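I have placed the structure first, in the form of structure tokens, so that the comments after it can refer back to it.
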Number of protein chains: 2
Amino acid sequence: MNVAQLIGRKRDGAELSGDEIRAFLGGYTRGEIPDYQVSALLMAVFFRGMSDAELDAWTDAMIRSGVTLDLSALPGPKIDKHSTGGVGDKVSLPLAPIAAACGVRVPMISGRGLGHTGGTLDKLESIPGMDVKVDKARFLRVLDDTGLVFAGQTADICPADRKLYALRDVTGTVESIPLISSSIMSKKLAEGIDGLVLDIKVGSGAFMKDLERARLLARTMIRIGTGRGIKVKAVLTRMEQPLGLACGNGVETAEGIEVLHGRGPEDLREAVLHLTAWMLVLGGVRGDVEGAKALCLEKIRGGEALDRMRRVVAAQGGDARVVDDPGLLPAGKHRATLAAPESGWVARIDAFTIGMACIDLGAGRARAEDGVDPGAGMLLAAKVGARVEKGAPLATLMSGDGARLAPALARAAGAYAISPSPVAPEGSLIIEEL
Amino acid sequence: MNVAQLIGRKRDGAELSGDEIRAFLGGYTRGEIPDYQVSALLMAVFFRGMSDAELDAWTDAMIRSGVTLDLSALPGPKIDKHSTGGVGDKVSLPLAPIAAACGVRVPMISGRGLGHTGGTLDKLESIPGMDVKVDKARFLRVLDDTGLVFAGQTADICPADRKLYALRDVTGTVESIPLISSSIMSKKLAEGIDGLVLDIKVGSGAFMKDLERARLLARTMIRIGTGRGIKVKAVLTRMEQPLGLACGNGVETAEGIEVLHGRGPEDLREAVLHLTAWMLVLGGVRGDVEGAKALCLEKIRGGEALDRMRRVVAAQGGDARVVDDPGLLPAGKHRATLAAPESGWVARIDAFTIGMACIDLGAGRARAEDGVDPGAGMLLAAKVGARVEKGAPLATLMSGDGARLAPALARAAGAYAISPSPVAPEGSLIIEEL
């Protein structure tokens, strides 16, 4: 294989064969093809896209680069949910135990915070003792015992994706629909699931800023998944302002647990119920979304969902008392209040800016190797549409490091727009379903 | 500087600032920016192009990455010629001594064979003893003594270009007008010349296959050069069949010397006279091309051009007897004749295929580190438009290695088309001038 010629052909719009793609990604994973040739090809893919056949071969080669899980020995449907990432998105925390309580097995493999968005693993690790680095044997045991498991990706799943992702991050080749789709779907398909619900965030706080690209991403991932025999449902959800009121690891975990208690902000409850309901439908537990939502509410009211959360936290070494007393979760002792600069109605809370302010506070990473402060974050006091009086709190900022408050406060202030006339609340989070 | 963001901005069509480009290429030359980020940017440049300001900054940064020559102490105009590369293109060999005999100083820095095209340095090295690896002091002394010098690029001129060129070669980013233009012009501008004649080859045997791209390349290089205060003339010349009759290092050197004797194939003589004449016009030696051509012919007839060739070969350690006895030049002892498969008129001699057949014979390089066989090559017996009888020779193939003849013969046969009806000769080589 002449790699330079292969790059040149892709650059000029030719379609690469499945054999070429497998040889290319295989050679890269084994270290035989250098980064500088791969980054050039990735940039050509950014401009030229991929045909369906190319993308299928690319995804297949990523899956084959590592091991795959076989969950067929476990009874019941195995369904996961993946979010493309937003601000305040703690949906996975209540969703997984609710789904498990309803009879779906949830082998949830999540990531860490990326850019301005938080990560489920970072949120879970705010629970004292909680261990998300579980090996394969423990993964299967916890999933068998509790019906769900919260884990990070292990090194042996899709190693090609790990190398590619790190390279894309530093070569300006992240924002490519085929590269994003294959990265997500290869990891999910390697989990051995039967179905997948995709939460595609759209808006200023999402990686997909416009609806057309979000639809294209959804359709691309649906095609990849169904082509490999799994059920895929994509829900496009609004991500202009943060989801719920809490942003940051400890406070988001607490808010997620609130939903299991039948409480919590309305938009968050809507997202959790809707996405969980689709997991039940894909898993065949209920035939329609409304019936599935009713079952979810029943399992919340009856305490079974909460019980699943206690059990999975305990099974992964965490302090299960946080499930009944979220006040035990970390919350930064240095605090500051962002006050409304004038009276009026909240017209905008830019999620991207709030996400960056949370990084300022220590809740996220500026670099991949950085740690996070589990107590850092923000609690919003009002969302879009709320009436606020001048000087009243818009949000409380928290950090373990008092010096971080002032820059975060300045940044967060820029996220808000206050209107002198009434503003309607956002309405339903759900934009459309594919 | 965040390099990933800079790549992303170029990818999305933003214009990079001069400071960003200088920091990027400076960082690359110093080894601070890795190849994989540079290749991604190069591919983005391939798709997005460069603005005039970007290209000027890029060229400037390449020049500043190394040393520049100062030829101002030498009297007279310093003019060079550059060809974008073709098959059988030995123009530089007679051109430089003719121009020098006419009063122009020619500091000729040339390259080696690349792909299917030959290189002036490889041709010169077929002269026994000829040394083209001259240091700066010897370069200036030979140029001062003889009016011309034939040299290879030294490591300290445009090191950024050397790194970039090697990277482009393996990452499918060679065929980009701004990258080609800046690569050529940075090296020529670093020579300290007053004027430059560009021979832009167009056709199947050239890197530029179509006229529009050749024109764009010409205009781009003219703009870069005139913007930095040198005179630039671009001549677009046909490269469908090989130039002249000889292809290969020793035989091309012999054919180039024939022109200095007032002999040689008509198309080669036309190219040499036309391009040399433009050097004289740029240098102010004559006011128009026709007058300049007349002066060139006078210096050929009077033997002054031949004398310059003798002197420069001797000054660079070569055996100057070859100038009067080209039979002393190497010519492979293993020979085969390519016979016309039928009677008719030669309709096509595909230069690219002939170039590749010469590589089969050992005249060029499959890899940059390979050596060349100075006696390998082909001598054409007929050009496009000639009447040939079945079985009559179309060309003689030569090599130092008899085993190379059969595959080269098979390949060369594919270069020819014989027509049953008369075919017009190609006519003037000169397509247009810019």
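Residue numbering restarts at 1 for every chain of the structure tokens, chains are lettered A, B, ... in their displayed order, and ligands are numbered from 1 as they appear.
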Cut-off 6 Å: closest chain B/chain A atom pairs per residue, using only C-alpha atoms, as a Markdown table:
```
| residue | atom | partner | partner_atom | distance |
| --- | --- | --- | --- | --- |
| B:Ala4 | CA | A:Val170 | CA | 4.7 |
| B:Ile7 | CA | A:Gly172 | CA | 5.4 |
| B:Gly8 | CA | A:Gly172 | CA | 4.5 |
| B:Asp35 | CA | A:Tyr36 | CA | 5.4 |
| B:Tyr36 | CA | A:Tyr36 | CA | 3.7 |
| B:Gln37 | CA | A:Thr171 | CA | 5.2 |
| B:Ser39 | CA | A:Ala40 | CA | 5.3 |
| B:Ala40 | CA | A:Ala40 | CA | 4.7 |
| B:Met43 | CA | A:Ala40 | CA | 5.8 |
| B:Val170 | CA | A:Ala4 | CA | 4.8 |
| B:Thr171 | CA | A:Ala4 | CA | 5.0 |
| B:Gly172 | CA | A:Gly8 | CA | 4.5 |
```
If you keep N, CA and C atoms, can you produce a file of those selected residues as a PDB file, in the first residue's frame?
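The result, written out as part-v2.pdb:
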```pdb
ATOM      1  N   ALA B   4      -3.599  23.820  17.066  1.00  0.00           N
ATOM      2  CA  ALA B   4      -4.820  23.120  16.631  1.00  0.00           C
ATOM      3  C   ALA B   4      -5.884  24.133  16.209  1.00  0.00           C
ATOM      4  N   ILE B   7      -4.965  25.612  12.817  1.00  0.00           N
ATOM      5  CA  ILE B   7      -5.311  24.681  11.738  1.00  0.00           C
ATOM      6  C   ILE B   7      -6.820  24.739  11.478  1.00  0.00           C
ATOM      7  N   GLY B   8      -7.602  24.732  12.564  1.00  0.00           N
ATOM      8  CA  GLY B   8      -9.058  24.765  12.424  1.00  0.00           C
ATOM      9  C   GLY B   8      -9.533  26.025  11.721  1.00  0.00           C
ATOM     10  N   ASP B  35       5.336  17.163  12.793  1.00  0.00           N
ATOM     11  CA  ASP B  35       4.918  16.893  11.413  1.00  0.00           C
ATOM     12  C   ASP B  35       3.410  16.700  11.283  1.00  0.00           C
ATOM     13  N   TYR B  36       2.789  16.038  12.296  1.00  0.00           N
ATOM     14  CA  TYR B  36       1.366  15.698  12.117  1.00  0.00           C
ATOM     15  C   TYR B  36       0.473  16.926  12.143  1.00  0.00           C
ATOM     16  N   GLN B  37       0.905  17.986  12.782  1.00  0.00           N
ATOM     17  CA  GLN B  37       0.111  19.218  12.722  1.00  0.00           C
ATOM     18  C   GLN B  37       0.371  19.940  11.405  1.00  0.00           C
ATOM     19  N   SER B  39       1.236  18.571   8.476  1.00  0.00           N
ATOM     20  CA  SER B  39       0.595  17.895   7.343  1.00  0.00           C
ATOM     21  C   SER B  39      -0.904  18.185   7.316  1.00  0.00           C
ATOM     22  N   ALA B  40      -1.530  18.309   8.487  1.00  0.00           N
ATOM     23  CA  ALA B  40      -2.960  18.652   8.525  1.00  0.00           C
ATOM     24  C   ALA B  40      -3.169  20.064   7.979  1.00  0.00           C
ATOM     25  N   MET B  43      -2.819  20.039   4.180  1.00  0.00           N
ATOM     26  CA  MET B  43      -4.006  19.527   3.492  1.00  0.00           C
ATOM     27  C   MET B  43      -5.115  20.582   3.513  1.00  0.00           C
ATOM     28  N   VAL B 170       5.042  12.714   1.095  1.00  0.00           N
ATOM     29  CA  VAL B 170       4.461  11.489   1.671  1.00  0.00           C
ATOM     30  C   VAL B 170       3.070  11.711   2.248  1.00  0.00           C
ATOM     31  N   THR B 171       2.506  12.910   2.073  1.00  0.00           N
ATOM     32  CA  THR B 171       1.197  13.177   2.671  1.00  0.00           C
ATOM     33  C   THR B 171       0.180  13.673   1.640  1.00  0.00           C
ATOM     34  N   GLY B 172       0.467  13.447   0.359  1.00  0.00           N
ATOM     35  CA  GLY B 172      -0.523  13.814  -0.656  1.00  0.00           C
ATOM     36  C   GLY B 172      -0.790  15.298  -0.728  1.00  0.00           C
TER      37      GLY B 172
END
```
**Study point:** All residues 12 Å or closer to range 221-223 of chain B, only C-alpha atoms, same chain fewer than 5 positions away omitted, as number ranges by chain
**Key:** B: 51-53, 55-56, 59, 82, 84, 177-186, 188-189, 195-200, 214-216, 228-235, 433-434
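Close contacts of range 20-32 of chain A, defined as residues with an atom at most 8 Å away when counting only C-alpha atoms, with chain neighbours fewer than 5 positions off set aside, comprise Met1, Val3, Val38, Glu54, Ala57, Trp58, Ala61, Met62, Ser65, Pro159, Ala160 and Lys163 of chain A.
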Review point. Got a sec: who's within 10 Å of Leu429 in chain B, counting only C-alpha atoms, leaving out chain neighbours fewer than 6 positions off, as a ChimeraX atom specification?
Key: /B:201,235-240,243,267-268,270-271,274
Point to revise | DSSP-assigned alpha helix (DSSP H) among range 17-179 of chain B, expressed as a PyMOL selection string | key: chain B and resi 18-29+35-48+52-64+92-101+120-124+136-146+159-170+177-179
Point to revise | Interatomic distance, CA of Gly317 in chain A to CA of Met130 in chain A (Å, one decimal) | key: 5.1 Å
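Across A:Val104, A:Ile193, A:Met208, A:Ala336, the tightest approach to Gly400 in chain A is made by A:Ala336 when counting only C-alpha atoms.
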Skipping near chain neighbours, those fewer than 4 positions away, what residues fall within 12 Å of Leu394 in chain A using only C-alpha atoms, listed as a JSON list (two decimals) with all heavy atoms, in the first residue's frame?
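Saved the output as around_3.json:
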```
[["chain", "number", "residue", "atom", "x", "y", "z"],
["A", 245, "LEU", "N", -30.40, 22.93, 36.87],
["A", 245, "LEU", "CA", -29.87, 24.13, 37.55],
["A", 245, "LEU", "C", -28.42, 23.94, 37.96],
["A", 245, "LEU", "O", -27.72, 24.91, 38.22],
["A", 245, "LEU", "CB", -30.71, 24.43, 38.81],
["A", 245, "LEU", "CG", -32.19, 24.78, 38.54],
["A", 245, "LEU", "CD1", -32.99, 24.79, 39.85],
["A", 245, "LEU", "CD2", -32.30, 26.15, 37.85],
["A", 336, "ALA", "N", -19.50, 32.53, 45.68],
["A", 336, "ALA", "CA", -19.78, 33.91, 45.28],
["A", 336, "ALA", "C", -21.12, 33.92, 44.55],
["A", 336, "ALA", "O", -21.50, 32.91, 43.95],
["A", 336, "ALA", "CB", -18.69, 34.45, 44.34],
["A", 337, "THR", "N", -21.83, 35.02, 44.66],
["A", 337, "THR", "CA", -23.14, 35.11, 44.03],
["A", 337, "THR", "C", -23.06, 36.02, 42.82],
["A", 337, "THR", "O", -22.49, 37.12, 42.88],
["A", 337, "THR", "CB", -24.19, 35.66, 45.02],
["A", 337, "THR", "OG1", -24.26, 34.76, 46.13],
["A", 337, "THR", "CG2", -25.56, 35.76, 44.36],
["A", 338, "LEU", "N", -23.60, 35.56, 41.72],
["A", 338, "LEU", "CA", -23.73, 36.40, 40.54],
["A", 338, "LEU", "C", -25.10, 37.07, 40.63],
["A", 338, "LEU", "O", -26.13, 36.39, 40.64],
["A", 338, "LEU", "CB", -23.66, 35.54, 39.27],
["A", 338, "LEU", "CG", -23.83, 36.29, 37.94],
["A", 338, "LEU", "CD1", -22.66, 37.23, 37.69],
["A", 338, "LEU", "CD2", -23.96, 35.29, 36.79],
["A", 339, "ALA", "N", -25.09, 38.42, 40.74],
["A", 339, "ALA", "CA", -26.35, 39.16, 40.95],
["A", 339, "ALA", "C", -26.85, 39.73, 39.64],
["A", 339, "ALA", "O", -26.06, 40.08, 38.76],
["A", 339, "ALA", "CB", -26.11, 40.28, 41.97],
["A", 340, "ALA", "N", -28.18, 39.85, 39.55],
["A", 340, "ALA", "CA", -28.77, 40.42, 38.33],
["A", 340, "ALA", "C", -28.36, 41.88, 38.21],
["A", 340, "ALA", "O", -28.52, 42.65, 39.18],
["A", 340, "ALA", "CB", -30.29, 40.29, 38.37],
["A", 341, "PRO", "N", -27.81, 42.30, 37.07],
["A", 341, "PRO", "CA", -27.35, 43.70, 36.94],
["A", 341, "PRO", "C", -28.52, 44.66, 36.80],
["A", 341, "PRO", "O", -28.34, 45.86, 36.97],
["A", 341, "PRO", "CB", -26.50, 43.66, 35.66],
["A", 341, "PRO", "CG", -27.07, 42.51, 34.87],
["A", 341, "PRO", "CD", -27.55, 41.51, 35.87],
["A", 342, "GLU", "N", -29.72, 44.15, 36.48],
["A", 342, "GLU", "CA", -30.90, 45.00, 36.35],
["A", 342, "GLU", "C", -32.13, 44.12, 36.50],
["A", 342, "GLU", "O", -32.04, 42.91, 36.42],
["A", 342, "GLU", "CB", -30.91, 45.72, 34.99],
["A", 342, "GLU", "CG", -30.85, 44.75, 33.81],
["A", 342, "GLU", "CD", -30.13, 45.37, 32.61],
["A", 342, "GLU", "OE1", -30.31, 46.58, 32.38],
["A", 342, "GLU", "OE2", -29.37, 44.63, 31.94],
["A", 343, "SER", "N", -33.25, 44.75, 36.69],
["A", 343, "SER", "CA", -34.50, 44.00, 36.79],
["A", 343, "SER", "C", -35.00, 43.65, 35.38],
["A", 343, "SER", "O", -34.74, 44.39, 34.43],
["A", 343, "SER", "CB", -35.56, 44.82, 37.53],
["A", 343, "SER", "OG", -35.13, 45.03, 38.86],
["A", 344, "GLY", "N", -35.70, 42.51, 35.29],
["A", 344, "GLY", "CA", -36.24, 42.13, 33.99],
["A", 344, "GLY", "C", -36.47, 40.64, 33.92],
["A", 344, "GLY", "O", -36.66, 39.98, 34.95],
["A", 345, "TRP", "N", -36.43, 40.14, 32.70],
["A", 345, "TRP", "CA", -36.66, 38.71, 32.48],
["A", 345, "TRP", "C", -35.38, 38.09, 31.88],
["A", 345, "TRP", "O", -34.75, 38.71, 31.01],
["A", 345, "TRP", "CB", -37.84, 38.51, 31.54],
["A", 345, "TRP", "CG", -39.16, 38.74, 32.21],
["A", 345, "TRP", "CD1", -39.98, 37.80, 32.77],
["A", 345, "TRP", "CD2", -39.82, 40.00, 32.39],
["A", 345, "TRP", "NE1", -41.11, 38.38, 33.31],
["A", 345, "TRP", "CE2", -41.03, 39.73, 33.09],
["A", 345, "TRP", "CE3", -39.51, 41.34, 32.08],
["A", 345, "TRP", "CZ2", -41.93, 40.75, 33.45],
["A", 345, "TRP", "CZ3", -40.40, 42.35, 32.43],
["A", 345, "TRP", "CH2", -41.61, 42.05, 33.12],
["A", 346, "VAL", "N", -35.03, 36.90, 32.35],
["A", 346, "VAL", "CA", -33.82, 36.24, 31.83],
["A", 346, "VAL", "C", -34.10, 35.81, 30.38],
["A", 346, "VAL", "O", -35.01, 35.03, 30.12],
["A", 346, "VAL", "CB", -33.42, 35.01, 32.67],
["A", 346, "VAL", "CG1", -32.19, 34.32, 32.07],
["A", 346, "VAL", "CG2", -33.15, 35.42, 34.11],
["A", 348, "ARG", "N", -31.43, 34.95, 28.09],
["A", 348, "ARG", "CA", -30.41, 34.04, 27.58],
["A", 348, "ARG", "C", -29.46, 33.64, 28.70],
["A", 348, "ARG", "O", -29.08, 34.50, 29.52],
["A", 348, "ARG", "CB", -29.61, 34.74, 26.46],
["A", 348, "ARG", "CG", -28.58, 33.84, 25.77],
["A", 348, "ARG", "CD", -27.93, 34.55, 24.58],
["A", 348, "ARG", "NE", -27.26, 35.80, 24.97],
["A", 348, "ARG", "CZ", -26.01, 35.87, 25.43],
["A", 348, "ARG", "NH1", -25.28, 34.80, 25.55],
["A", 348, "ARG", "NH2", -25.50, 37.04, 25.77],
["A", 349, "ILE", "N", -29.12, 32.36, 28.78],
["A", 349, "ILE", "CA", -28.03, 31.87, 29.64],
["A", 349, "ILE", "C", -27.18, 30.99, 28.74],
["A", 349, "ILE", "O", -27.46, 29.81, 28.56],
["A", 349, "ILE", "CB", -28.54, 31.04, 30.84],
["A", 349, "ILE", "CG1", -29.67, 31.77, 31.57],
["A", 349, "ILE", "CG2", -27.38, 30.74, 31.80],
["A", 349, "ILE", "CD1", -30.30, 30.93, 32.71],
["A", 378, "MET", "N", -21.54, 25.57, 39.51],
["A", 378, "MET", "CA", -22.51, 26.65, 39.65],
["A", 378, "MET", "C", -23.89, 26.05, 39.92],
["A", 378, "MET", "O", -24.21, 24.98, 39.42],
["A", 378, "MET", "CB", -22.60, 27.45, 38.34],
["A", 378, "MET", "CG", -21.42, 28.36, 38.10],
["A", 378, "MET", "SD", -21.54, 29.17, 36.46],
["A", 378, "MET", "CE", -22.94, 30.26, 36.72],
["A", 379, "LEU", "N", -24.67, 26.79, 40.69],
["A", 379, "LEU", "CA", -26.08, 26.46, 40.86],
["A", 379, "LEU", "C", -26.88, 27.65, 40.36],
["A", 379, "LEU", "O", -26.78, 28.75, 40.91],
["A", 379, "LEU", "CB", -26.40, 26.20, 42.34],
["A", 379, "LEU", "CG", -26.20, 24.76, 42.83],
["A", 379, "LEU", "CD1", -26.40, 24.68, 44.34],
["A", 379, "LEU", "CD2", -27.17, 23.82, 42.10],
["A", 380, "LEU", "N", -27.65, 27.45, 39.31],
["A", 380, "LEU", "CA", -28.44, 28.55, 38.76],
["A", 380, "LEU", "C", -29.65, 28.79, 39.66],
["A", 380, "LEU", "O", -30.27, 27.83, 40.16],
["A", 380, "LEU", "CB", -28.90, 28.22, 37.34],
["A", 380, "LEU", "CG", -27.85, 27.73, 36.34],
["A", 380, "LEU", "CD1", -28.47, 27.62, 34.94],
["A", 380, "LEU", "CD2", -26.64, 28.65, 36.30],
["A", 381, "ALA", "N", -29.97, 30.06, 39.82],
["A", 381, "ALA", "CA", -31.15, 30.41, 40.63],
["A", 381, "ALA", "C", -32.34, 30.70, 39.73],
["A", 381, "ALA", "O", -33.49, 30.76, 40.20],
["A", 381, "ALA", "CB", -30.84, 31.62, 41.51],
["A", 382, "ALA", "N", -32.11, 30.92, 38.46],
["A", 382, "ALA", "CA", -33.20, 31.26, 37.54],
["A", 382, "ALA", "C", -32.84, 30.77, 36.15],
["A", 382, "ALA", "O", -31.65, 30.74, 35.80],
["A", 382, "ALA", "CB", -33.39, 32.78, 37.51],
["A", 383, "LYS", "N", -33.83, 30.37, 35.38],
["A", 383, "LYS", "CA", -33.58, 29.95, 34.01],
["A", 383, "LYS", "C", -34.26, 30.91, 33.03],
["A", 383, "LYS", "O", -34.91, 31.87, 33.44],
["A", 383, "LYS", "CB", -34.04, 28.50, 33.81],
["A", 383, "LYS", "CG", -33.28, 27.55, 34.74],
["A", 383, "LYS", "CD", -32.75, 26.26, 34.22],
["A", 383, "LYS", "CE", -32.76, 25.93, 32.81],
["A", 383, "LYS", "NZ", -32.22, 24.59, 32.52],
["A", 384, "VAL", "N", -34.09, 30.66, 31.76],
["A", 384, "VAL", "CA", -34.66, 31.56, 30.76],
["A", 384, "VAL", "C", -36.17, 31.70, 30.96],
["A", 384, "VAL", "O", -36.88, 30.70, 31.13],
["A", 384, "VAL", "CB", -34.34, 31.04, 29.34],
["A", 384, "VAL", "CG1", -35.17, 31.77, 28.29],
["A", 384, "VAL", "CG2", -32.85, 31.21, 29.03],
["A", 386, "ALA", "N", -37.48, 33.47, 33.51],
["A", 386, "ALA", "CA", -37.77, 33.85, 34.90],
["A", 386, "ALA", "C", -37.67, 35.37, 35.07],
["A", 386, "ALA", "O", -36.86, 36.04, 34.43],
["A", 386, "ALA", "CB", -36.79, 33.17, 35.85],
["A", 387, "ARG", "N", -38.51, 35.92, 35.95],
["A", 387, "ARG", "CA", -38.45, 37.33, 36.34],
["A", 387, "ARG", "C", -37.38, 37.46, 37.43],
["A", 387, "ARG", "O", -37.34, 36.67, 38.37],
["A", 387, "ARG", "CB", -39.82, 37.75, 36.88],
["A", 387, "ARG", "CG", -39.86, 39.09, 37.60],
["A", 387, "ARG", "CD", -39.83, 40.26, 36.64],
["A", 387, "ARG", "NE", -39.52, 41.52, 37.34],
["A", 387, "ARG", "CZ", -39.38, 42.68, 36.73],
["A", 387, "ARG", "NH1", -39.50, 42.78, 35.42],
["A", 387, "ARG", "NH2", -39.08, 43.78, 37.43],
["A", 388, "VAL", "N", -36.48, 38.44, 37.25],
["A", 388, "VAL", "CA", -35.46, 38.69, 38.29],
["A", 388, "VAL", "C", -35.44, 40.18, 38.62],
["A", 388, "VAL", "O", -35.72, 41.03, 37.76],
["A", 388, "VAL", "CB", -34.04, 38.24, 37.85],
["A", 388, "VAL", "CG1", -33.96, 36.73, 37.76],
["A", 388, "VAL", "CG2", -33.65, 38.89, 36.52],
["A", 389, "GLU", "N", -35.16, 40.47, 39.89],
["A", 389, "GLU", "CA", -35.03, 41.87, 40.32],
["A", 389, "GLU", "C", -33.56, 42.23, 40.38],
["A", 389, "GLU", "O", -32.72, 41.38, 40.70],
["A", 389, "GLU", "CB", -35.68, 42.07, 41.70],
["A", 389, "GLU", "CG", -37.16, 41.69, 41.77],
["A", 389, "GLU", "CD", -38.03, 42.43, 40.75],
["A", 389, "GLU", "OE1", -37.76, 43.63, 40.46],
["A", 389, "GLU", "OE2", -38.98, 41.79, 40.20],
["A", 390, "LYS", "N", -33.25, 43.47, 40.11],
["A", 390, "LYS", "CA", -31.86, 43.94, 40.17],
["A", 390, "LYS", "C", -31.23, 43.56, 41.51],
["A", 390, "LYS", "O", -31.83, 43.79, 42.57],
["A", 390, "LYS", "CB", -31.82, 45.46, 39.98],
["A", 390, "LYS", "CG", -30.41, 46.03, 40.00],
["A", 390, "LYS", "CD", -30.36, 47.50, 39.65],
["A", 390, "LYS", "CE", -28.91, 48.01, 39.73],
["A", 390, "LYS", "NZ", -28.81, 49.40, 39.31],
["A", 409, "LEU", "N", -16.67, 34.49, 37.79],
["A", 409, "LEU", "CA", -17.81, 35.41, 37.94],
["A", 409, "LEU", "C", -17.89, 36.35, 36.75],
["A", 409, "LEU", "O", -18.97, 36.57, 36.18],
["A", 409, "LEU", "CB", -17.61, 36.20, 39.25],
["A", 409, "LEU", "CG", -18.81, 36.69, 40.05],
["A", 409, "LEU", "CD1", -19.83, 35.59, 40.30],
["A", 409, "LEU", "CD2", -18.32, 37.26, 41.39],
["A", 412, "ALA", "N", -19.01, 34.29, 33.76],
["A", 412, "ALA", "CA", -20.41, 33.85, 33.85],
["A", 412, "ALA", "C", -21.37, 35.02, 33.57],
["A", 412, "ALA", "O", -22.42, 34.83, 32.95],
["A", 412, "ALA", "CB", -20.69, 33.24, 35.22],
["A", 413, "ALA", "N", -20.98, 36.24, 34.03],
["A", 413, "ALA", "CA", -21.85, 37.40, 33.82],
["A", 413, "ALA", "C", -22.13, 37.59, 32.33],
["A", 413, "ALA", "O", -23.24, 37.99, 31.94],
["A", 413, "ALA", "CB", -21.20, 38.65, 34.41],
["A", 415, "ALA", "N", -22.62, 35.41, 30.19],
["A", 415, "ALA", "CA", -23.52, 34.39, 29.64],
["A", 415, "ALA", "C", -24.97, 34.87, 29.64],
["A", 415, "ALA", "O", -25.81, 34.32, 28.93],
["A", 415, "ALA", "CB", -23.42, 33.10, 30.45],
["A", 416, "TYR", "N", -25.25, 35.90, 30.43],
["A", 416, "TYR", "CA", -26.64, 36.30, 30.66],
["A", 416, "TYR", "C", -27.07, 37.48, 29.80],
["A", 416, "TYR", "O", -26.30, 38.41, 29.55],
["A", 416, "TYR", "CB", -26.84, 36.67, 32.13],
["A", 416, "TYR", "CG", -26.89, 35.46, 33.04],
["A", 416, "TYR", "CD1", -25.70, 34.85, 33.46],
["A", 416, "TYR", "CD2", -28.10, 34.91, 33.43],
["A", 416, "TYR", "CE1", -25.73, 33.73, 34.27],
["A", 416, "TYR", "CE2", -28.14, 33.77, 34.24],
["A", 416, "TYR", "CZ", -26.96, 33.19, 34.65],
["A", 416, "TYR", "OH", -26.99, 32.08, 35.44],
["A", 417, "ALA", "N", -28.33, 37.45, 29.40],
["A", 417, "ALA", "CA", -28.98, 38.63, 28.84],
["A", 417, "ALA", "C", -30.28, 38.81, 29.61],
["A", 417, "ALA", "O", -31.03, 37.84, 29.80],
["A", 417, "ALA", "CB", -29.25, 38.44, 27.35],
["A", 418, "ILE", "N", -30.53, 40.01, 30.09],
["A", 418, "ILE", "CA", -31.76, 40.34, 30.81],
["A", 418, "ILE", "C", -32.58, 41.26, 29.92],
["A", 418, "ILE", "O", -32.07, 42.26, 29.43],
["A", 418, "ILE", "CB", -31.45, 41.05, 32.16],
["A", 418, "ILE", "CG1", -30.41, 40.27, 32.98],
["A", 418, "ILE", "CG2", -32.74, 41.30, 32.94],
["A", 418, "ILE", "CD1", -30.89, 38.96, 33.55]]
```
**Study point:** All residues 7 Å or closer to His261 in chain A, only C-alpha atoms, same chain fewer than 2 positions away omitted, as JSON, numbers by chain
**Key:** {"A": [257, 258, 259, 263, 300, 306]}
Could you dump the residues just selected with N, CA, C and O atoms as a CSV table (one decimal), in the first residue's frame?
```csv
chain,number,residue,atom,x,y,z
A,257,ILE,N,-29.5,12.7,41.4
A,257,ILE,CA,-30.1,11.8,42.4
A,257,ILE,C,-31.5,12.3,42.8
A,257,ILE,O,-32.4,11.6,43.1
A,258,GLU,N,-31.7,13.7,42.8
A,258,GLU,CA,-33.0,14.3,43.0
A,258,GLU,C,-34.0,13.7,42.1
A,258,GLU,O,-35.2,13.4,42.6
A,259,VAL,N,-33.7,13.5,40.9
A,259,VAL,CA,-34.7,12.9,39.9
A,259,VAL,C,-35.1,11.5,40.4
A,259,VAL,O,-36.3,11.2,40.2
A,263,ARG,N,-37.9,14.3,42.4
A,263,ARG,CA,-37.9,15.7,42.4
A,263,ARG,C,-37.0,16.2,41.3
A,263,ARG,O,-36.7,15.5,40.3
A,300,ILE,N,-39.8,5.1,39.9
A,300,ILE,CA,-39.3,6.1,40.7
A,300,ILE,C,-40.1,6.2,42.0
A,300,ILE,O,-39.6,6.2,43.1
A,306,LEU,N,-34.3,4.2,42.8
A,306,LEU,CA,-33.3,4.6,43.9
A,306,LEU,C,-32.5,3.4,44.4
A,306,LEU,O,-31.3,3.5,44.7
```
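Considering only range 138-309 of chain A, backbone DSSP assigns strand (DSSP E) to Leu148, Val149, Phe150, Ala151, Gly152, Gly195, Leu196, Val197, Leu198, Asp199, Ile200, Lys201, Val202, Lys231, Val232, Lys233, Ala234, Val235, Leu236, Thr237, Arg238, Ala246 and Cys247 of chain A.
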Practice item. Determine the nearest neighbour of Asp194 in chain A from the options A:Ile157, A:Ala96, A:Ala151, A:Ile79, counting only C-alpha atoms. Key: A:Ile79
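Shortest atom-to-atom contact with Ala99 in chain B among B:Val281, B:Val372, B:Ala331, B:Ala406: B:Val281, counting only C-alpha atoms.
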